[in-house]
Amino acid sequence: MNYIQAAIEGVWVIEPKVFNDQRGYFFEAWKQAEFDEHIGRHVSFIQDNESKSSYGVLRGLHYQKGEFSQAKLVRVVKGCVLDVAVDIRKSSSTFGKYVAVELSEENKRQFFIPRGFAHGFLVLSDEAIFTYKVDNVYAPQAEASIRWNDETIGIDWPIDAKDVLTSEKDLKACSIQEAELFD
């Protein structure tokens, strides 16, 4: 696998080596030792999640607070998304900045998002199946969201805002200024 350090330290784009032939393709999607070596620390993923969404669905910007914060390793099995990680660590030199990467069934990229980041994605294809590993349990009492269209962050989403479909919960999310952040 090819590990590419993103513009914000700790965030990684991971490109697998894909072997194609007349039967289809094969690639290694996960190798703990290789991952730890490139990331520079051990991350113990404890759960895999999957979602299915249609064009224009935007999920995020989500995170969990405190002891329930989560690191994520995400990828797309079907379709295409724009995936975004926003640095919400107050003491970081990149606080409020974001990294965006296109993940698709064609490029088979993965995106590692460490703790201390809000995360979201926008579906760009007719349908997308999105999977992710997390290193901590989901805790509803620790759940938090920042508005996907927060002007302070200024994410360049590639579709018109009128075409975005999001949850009621995400519509009520707060701004980054109002959010409970990481130190």
# chains A, B, ... in the order shown; residues from 1 in each chain; ligands from 1
>>> residues_around(residues="Lys133 in chain A", least_positions_apart="2", cutoff="10 Å", atoms="only C-alpha atoms", output="list in words")
Ser44, Phe45, Ile46, Gln47, Asp48, Asn49, Glu50, Gln70, Ala71, Lys72, Leu73, Val74, Arg75, Phe112, Thr131, Asp135 and Asn136 of chain A
>>> write_last_selection(atoms="N, CA and C atoms", output="PDB file, in the first residue's frame")
ATOM      1  N   SER A  44      -6.012   0.432  17.478  1.00  0.00           N
ATOM      2  CA  SER A  44      -6.777  -0.814  17.596  1.00  0.00           C
ATOM      3  C   SER A  44      -8.214  -0.566  17.159  1.00  0.00           C
ATOM      4  N   PHE A  45      -8.516  -0.972  15.949  1.00  0.00           N
ATOM      5  CA  PHE A  45      -9.898  -0.845  15.487  1.00  0.00           C
ATOM      6  C   PHE A  45     -10.717  -1.963  16.102  1.00  0.00           C
ATOM      7  N   ILE A  46     -11.914  -1.616  16.594  1.00  0.00           N
ATOM      8  CA  ILE A  46     -12.729  -2.579  17.321  1.00  0.00           C
ATOM      9  C   ILE A  46     -14.067  -2.875  16.650  1.00  0.00           C
ATOM     10  N   GLN A  47     -14.407  -2.104  15.608  1.00  0.00           N
ATOM     11  CA  GLN A  47     -15.722  -2.277  14.999  1.00  0.00           C
ATOM     12  C   GLN A  47     -15.673  -1.805  13.556  1.00  0.00           C
ATOM     13  N   ASP A  48     -16.404  -2.493  12.674  1.00  0.00           N
ATOM     14  CA  ASP A  48     -16.592  -2.062  11.291  1.00  0.00           C
ATOM     15  C   ASP A  48     -18.053  -1.657  11.107  1.00  0.00           C
ATOM     16  N   ASN A  49     -18.260  -0.538  10.397  1.00  0.00           N
ATOM     17  CA  ASN A  49     -19.602  -0.037  10.117  1.00  0.00           C
ATOM     18  C   ASN A  49     -19.766   0.130   8.615  1.00  0.00           C
ATOM     19  N   GLU A  50     -21.023   0.143   8.159  1.00  0.00           N
ATOM     20  CA  GLU A  50     -21.304   0.315   6.743  1.00  0.00           C
ATOM     21  C   GLU A  50     -22.578   1.119   6.590  1.00  0.00           C
ATOM     22  N   GLN A  70     -13.145   8.992  18.514  1.00  0.00           N
ATOM     23  CA  GLN A  70     -12.855   7.858  17.633  1.00  0.00           C
ATOM     24  C   GLN A  70     -11.887   8.252  16.517  1.00  0.00           C
ATOM     25  N   ALA A  71     -10.973   7.348  16.212  1.00  0.00           N
ATOM     26  CA  ALA A  71     -10.215   7.398  14.964  1.00  0.00           C
ATOM     27  C   ALA A  71     -10.988   6.532  13.981  1.00  0.00           C
ATOM     28  N   LYS A  72     -10.918   6.884  12.683  1.00  0.00           N
ATOM     29  CA  LYS A  72     -11.664   6.143  11.662  1.00  0.00           C
ATOM     30  C   LYS A  72     -10.763   5.852  10.473  1.00  0.00           C
ATOM     31  N   LEU A  73     -10.975   4.698   9.883  1.00  0.00           N
ATOM     32  CA  LEU A  73     -10.373   4.340   8.609  1.00  0.00           C
ATOM     33  C   LEU A  73     -11.539   4.048   7.681  1.00  0.00           C
ATOM     34  N   VAL A  74     -11.719   4.895   6.650  1.00  0.00           N
ATOM     35  CA  VAL A  74     -12.919   4.827   5.816  1.00  0.00           C
ATOM     36  C   VAL A  74     -12.567   4.501   4.372  1.00  0.00           C
ATOM     37  N   ARG A  75     -13.540   3.894   3.677  1.00  0.00           N
ATOM     38  CA  ARG A  75     -13.393   3.631   2.246  1.00  0.00           C
ATOM     39  C   ARG A  75     -14.761   3.414   1.617  1.00  0.00           C
ATOM     40  N   PHE A 112      -7.571   7.800   6.521  1.00  0.00           N
ATOM     41  CA  PHE A 112      -7.437   7.652   7.973  1.00  0.00           C
ATOM     42  C   PHE A 112      -7.637   9.007   8.626  1.00  0.00           C
ATOM     43  N   THR A 131     -17.802   2.161   4.026  1.00  0.00           N
ATOM     44  CA  THR A 131     -17.450   1.364   5.198  1.00  0.00           C
ATOM     45  C   THR A 131     -16.390   2.074   6.005  1.00  0.00           C
ATOM     46  N   ASP A 135     -12.057   2.949  16.319  1.00  0.00           N
ATOM     47  CA  ASP A 135     -11.244   2.419  17.420  1.00  0.00           C
ATOM     48  C   ASP A 135     -11.884   2.621  18.792  1.00  0.00           C
ATOM     49  N   ASN A 136     -13.168   2.991  18.813  1.00  0.00           N
ATOM     50  CA  ASN A 136     -13.868   3.172  20.074  1.00  0.00           C
ATOM     51  C   ASN A 136     -15.360   2.943  19.834  1.00  0.00           C
TER      52      ASN A 136
END
>>> residues_around(residues="range 55-57 of chain A", least_positions_apart="5", cutoff="9 Å", atoms="only C-alpha atoms", output="list in words")
Phe121, Leu122, Val123, Leu124, Ser125, Asp126, Glu127, Ala128, Ile159, Asp163, Val164, Leu165, Thr166 and Ser167 of chain A
>>> write_last_selection(atoms="N, CA and C atoms", output="CSV table (one decimal), in the first residue's frame")
chain,number,residue,atom,x,y,z
A,121,PHE,N,-19.1,13.1,4.8
A,121,PHE,CA,-18.9,12.8,3.4
A,121,PHE,C,-20.2,13.1,2.6
A,122,LEU,N,-20.0,13.4,1.3
A,122,LEU,CA,-21.0,13.7,0.4
A,122,LEU,C,-21.0,12.7,-0.7
A,123,VAL,N,-22.2,12.1,-1.0
A,123,VAL,CA,-22.3,11.1,-2.1
A,123,VAL,C,-22.3,11.8,-3.5
A,124,LEU,N,-21.4,11.4,-4.3
A,124,LEU,CA,-21.3,12.1,-5.7
A,124,LEU,C,-21.9,11.1,-6.8
A,125,SER,N,-22.1,9.9,-6.5
A,125,SER,CA,-22.6,8.9,-7.4
A,125,SER,C,-24.1,8.7,-7.2
A,126,ASP,N,-24.7,7.9,-8.0
A,126,ASP,CA,-26.2,7.6,-7.8
A,126,ASP,C,-26.4,6.9,-6.5
A,127,GLU,N,-25.4,6.1,-6.0
A,127,GLU,CA,-25.5,5.4,-4.8
A,127,GLU,C,-24.1,5.1,-4.3
A,128,ALA,N,-23.9,5.0,-3.0
A,128,ALA,CA,-22.6,4.7,-2.4
A,128,ALA,C,-22.7,3.8,-1.2
A,159,ILE,N,-21.4,20.1,-5.0
A,159,ILE,CA,-22.7,20.1,-5.6
A,159,ILE,C,-23.4,21.3,-5.0
A,163,ASP,N,-29.2,20.7,-3.5
A,163,ASP,CA,-29.3,19.3,-3.8
A,163,ASP,C,-28.8,18.4,-2.7
A,164,VAL,N,-28.3,19.0,-1.6
A,164,VAL,CA,-27.8,18.2,-0.5
A,164,VAL,C,-29.0,17.7,0.4
A,165,LEU,N,-28.9,16.4,0.7
A,165,LEU,CA,-29.9,15.8,1.6
A,165,LEU,C,-29.2,15.3,2.8
A,166,THR,N,-29.6,15.8,4.0
A,166,THR,CA,-29.0,15.5,5.2
A,166,THR,C,-30.1,15.2,6.3
A,167,SER,N,-29.6,14.7,7.4
A,167,SER,CA,-30.6,14.3,8.5
A,167,SER,C,-31.1,15.6,9.2
>>> residues_around(residues="Val101 in chain A", least_positions_apart="3", cutoff="8 Å", atoms="only C-alpha atoms", output="PyMOL selection string")
chain A and resi 13+82-84+111
>>> closest_residue(among="A:Asp21, A:Asp150, A:Glu106, A:Glu37", to="Gln177 in chain A", atoms="only C-alpha atoms")
A:Asp150
>>> atom_distance(atom1="CA of Ser92 in chain A", atom2="CA of Phe35 in chain A")
23.6 Å
>>> residues_around(residues="Ala7 in chain A", least_positions_apart="5", cutoff="9 Å", atoms="only C-alpha atoms", output="list in words")
Trp12, Tyr98 and Val99 of chain A
>>> residues_around(residues="Cys174 in chain A", least_positions_apart="2", cutoff="9 Å", atoms="only C-alpha atoms", output="MDAnalysis selection string")
chainID A and resid 144:147 150 170:172 176:179
>>> write_last_selection(atoms="N, CA, C and O atoms", output="PDB file, in the first residue's frame")
ATOM      1  N   ALA A 144     -21.565  14.429  18.681  1.00  0.00           N
ATOM      2  CA  ALA A 144     -21.598  15.861  18.382  1.00  0.00           C
ATOM      3  C   ALA A 144     -21.495  16.068  16.876  1.00  0.00           C
ATOM      4  O   ALA A 144     -20.995  15.198  16.159  1.00  0.00           O
ATOM      5  N   SER A 145     -21.975  17.220  16.418  1.00  0.00           N
ATOM      6  CA  SER A 145     -21.930  17.555  14.994  1.00  0.00           C
ATOM      7  C   SER A 145     -21.656  19.036  14.821  1.00  0.00           C
ATOM      8  O   SER A 145     -22.092  19.861  15.614  1.00  0.00           O
ATOM      9  N   ILE A 146     -20.944  19.333  13.752  1.00  0.00           N
ATOM     10  CA  ILE A 146     -20.715  20.708  13.312  1.00  0.00           C
ATOM     11  C   ILE A 146     -21.402  20.838  11.959  1.00  0.00           C
ATOM     12  O   ILE A 146     -21.382  19.914  11.144  1.00  0.00           O
ATOM     13  N   ARG A 147     -21.999  21.993  11.704  1.00  0.00           N
ATOM     14  CA  ARG A 147     -22.715  22.214  10.440  1.00  0.00           C
ATOM     15  C   ARG A 147     -21.828  21.936   9.231  1.00  0.00           C
ATOM     16  O   ARG A 147     -20.706  22.426   9.151  1.00  0.00           O
ATOM     17  N   ASP A 150     -20.674  25.197   7.490  1.00  0.00           N
ATOM     18  CA  ASP A 150     -20.137  26.246   8.365  1.00  0.00           C
ATOM     19  C   ASP A 150     -19.219  27.155   7.542  1.00  0.00           C
ATOM     20  O   ASP A 150     -18.230  26.702   6.955  1.00  0.00           O
ATOM     21  N   ASP A 170     -28.385  16.634  11.598  1.00  0.00           N
ATOM     22  CA  ASP A 170     -27.300  17.402  10.998  1.00  0.00           C
ATOM     23  C   ASP A 170     -27.738  18.820  10.639  1.00  0.00           C
ATOM     24  O   ASP A 170     -26.931  19.742  10.661  1.00  0.00           O
ATOM     25  N   LEU A 171     -29.017  19.007  10.327  1.00  0.00           N
ATOM     26  CA  LEU A 171     -29.523  20.355  10.061  1.00  0.00           C
ATOM     27  C   LEU A 171     -29.467  21.223  11.308  1.00  0.00           C
ATOM     28  O   LEU A 171     -29.363  22.449  11.226  1.00  0.00           O
ATOM     29  N   LYS A 172     -29.542  20.604  12.489  1.00  0.00           N
ATOM     30  CA  LYS A 172     -29.523  21.336  13.764  1.00  0.00           C
ATOM     31  C   LYS A 172     -28.119  21.448  14.361  1.00  0.00           C
ATOM     32  O   LYS A 172     -27.955  21.944  15.463  1.00  0.00           O
ATOM     33  N   ILE A 176     -18.663  25.752  14.302  1.00  0.00           N
ATOM     34  CA  ILE A 176     -17.405  25.369  14.951  1.00  0.00           C
ATOM     35  C   ILE A 176     -17.149  26.266  16.170  1.00  0.00           C
ATOM     36  O   ILE A 176     -16.568  25.815  17.154  1.00  0.00           O
ATOM     37  N   GLN A 177     -17.605  27.515  16.131  1.00  0.00           N
ATOM     38  CA  GLN A 177     -17.429  28.415  17.278  1.00  0.00           C
ATOM     39  C   GLN A 177     -18.249  27.970  18.498  1.00  0.00           C
ATOM     40  O   GLN A 177     -17.867  28.212  19.625  1.00  0.00           O
ATOM     41  N   GLU A 178     -19.397  27.328  18.240  1.00  0.00           N
ATOM     42  CA  GLU A 178     -20.276  26.889  19.319  1.00  0.00           C
ATOM     43  C   GLU A 178     -19.977  25.468  19.789  1.00  0.00           C
ATOM     44  O   GLU A 178     -20.475  25.038  20.823  1.00  0.00           O
ATOM     45  N   ALA A 179     -19.181  24.743  19.031  1.00  0.00           N
ATOM     46  CA  ALA A 179     -18.961  23.311  19.294  1.00  0.00           C
ATOM     47  C   ALA A 179     -18.060  23.076  20.486  1.00  0.00           C
ATOM     48  O   ALA A 179     -17.193  23.880  20.809  1.00  0.00           O
TER      49      ALA A 179
END
>>> select_by_dssp(residues="range 44-174 of chain A", states="alpha helix (DSSP H)", output="list in words")
Glu168, Lys169, Asp170 and Leu171 of chain A
>>> write_last_selection(atoms="N, CA and C atoms", output="PDB file, in the first residue's frame")
ATOM      1  N   GLU A 168     -32.164  15.412   9.921  1.00  0.00           N
ATOM      2  CA  GLU A 168     -32.686  16.485  10.776  1.00  0.00           C
ATOM      3  C   GLU A 168     -31.649  16.856  11.836  1.00  0.00           C
ATOM      4  N   LYS A 169     -30.991  15.851  12.381  1.00  0.00           N
ATOM      5  CA  LYS A 169     -29.954  16.076  13.393  1.00  0.00           C
ATOM      6  C   LYS A 169     -28.828  16.942  12.830  1.00  0.00           C
ATOM      7  N   ASP A 170     -28.385  16.634  11.598  1.00  0.00           N
ATOM      8  CA  ASP A 170     -27.300  17.402  10.998  1.00  0.00           C
ATOM      9  C   ASP A 170     -27.738  18.820  10.639  1.00  0.00           C
ATOM     10  N   LEU A 171     -29.017  19.007  10.327  1.00  0.00           N
ATOM     11  CA  LEU A 171     -29.523  20.355  10.061  1.00  0.00           C
ATOM     12  C   LEU A 171     -29.467  21.223  11.308  1.00  0.00           C
TER      13      LEU A 171
END
>>> closest_residue(among="A:Lys17, A:Lys162, A:Arg115, A:Arg109", to="Phe68 in chain A", atoms="only C-alpha atoms")
A:Arg115
>>> residues_around(residues="Glu67 in chain A", least_positions_apart="5", cutoff="12 Å", atoms="only C-alpha atoms", output="ChimeraX atom specification")
/A:115-116,135-139,141-143,182
>>> write_last_selection(atoms="N, CA, C and O atoms", output="compact mmCIF listing (two decimals), in the first residue's frame")
# COMPACT_ATOMS: atom_id res chain seq x y z
N ARG A 115 -8.29 10.78 15.97
CA ARG A 115 -9.13 11.44 16.98
C ARG A 115 -8.83 12.95 16.95
O ARG A 115 -7.74 13.36 16.60
N GLY A 116 -9.85 13.73 17.28
CA GLY A 116 -9.68 15.18 17.28
C GLY A 116 -10.14 15.84 15.98
O GLY A 116 -9.89 17.02 15.76
N ASP A 135 -12.06 2.95 16.32
CA ASP A 135 -11.24 2.42 17.42
C ASP A 135 -11.88 2.62 18.79
O ASP A 135 -11.23 2.43 19.80
N ASN A 136 -13.17 2.99 18.81
CA ASN A 136 -13.87 3.17 20.07
C ASN A 136 -15.36 2.94 19.83
O ASN A 136 -15.84 3.11 18.71
N VAL A 137 -16.07 2.58 20.89
CA VAL A 137 -17.50 2.32 20.78
C VAL A 137 -18.28 3.60 20.54
O VAL A 137 -17.84 4.69 20.92
N TYR A 138 -19.43 3.46 19.91
CA TYR A 138 -20.36 4.58 19.75
C TYR A 138 -21.04 4.84 21.09
O TYR A 138 -21.53 3.92 21.74
N ALA A 139 -21.06 6.11 21.48
CA ALA A 139 -21.71 6.52 22.72
C ALA A 139 -22.64 7.69 22.41
O ALA A 139 -22.16 8.80 22.15
N GLN A 141 -24.35 9.68 24.13
CA GLN A 141 -24.19 10.85 24.99
C GLN A 141 -22.95 11.67 24.62
O GLN A 141 -22.83 12.83 25.03
N ALA A 142 -22.05 11.11 23.82
CA ALA A 142 -20.82 11.82 23.43
C ALA A 142 -20.87 12.29 21.97
O ALA A 142 -19.92 12.89 21.47
N GLU A 143 -22.00 12.05 21.32
CA GLU A 143 -22.15 12.41 19.91
C GLU A 143 -22.22 13.93 19.74
O GLU A 143 -22.86 14.63 20.53
N PHE A 182 -11.80 19.69 20.96
CA PHE A 182 -10.70 18.99 21.63
C PHE A 182 -9.64 20.02 22.01
O PHE A 182 -9.45 21.03 21.32
>>> atom_distance(atom1="CA of Glu105 in chain A", atom2="CA of Cys80 in chain A")
6.6 Å
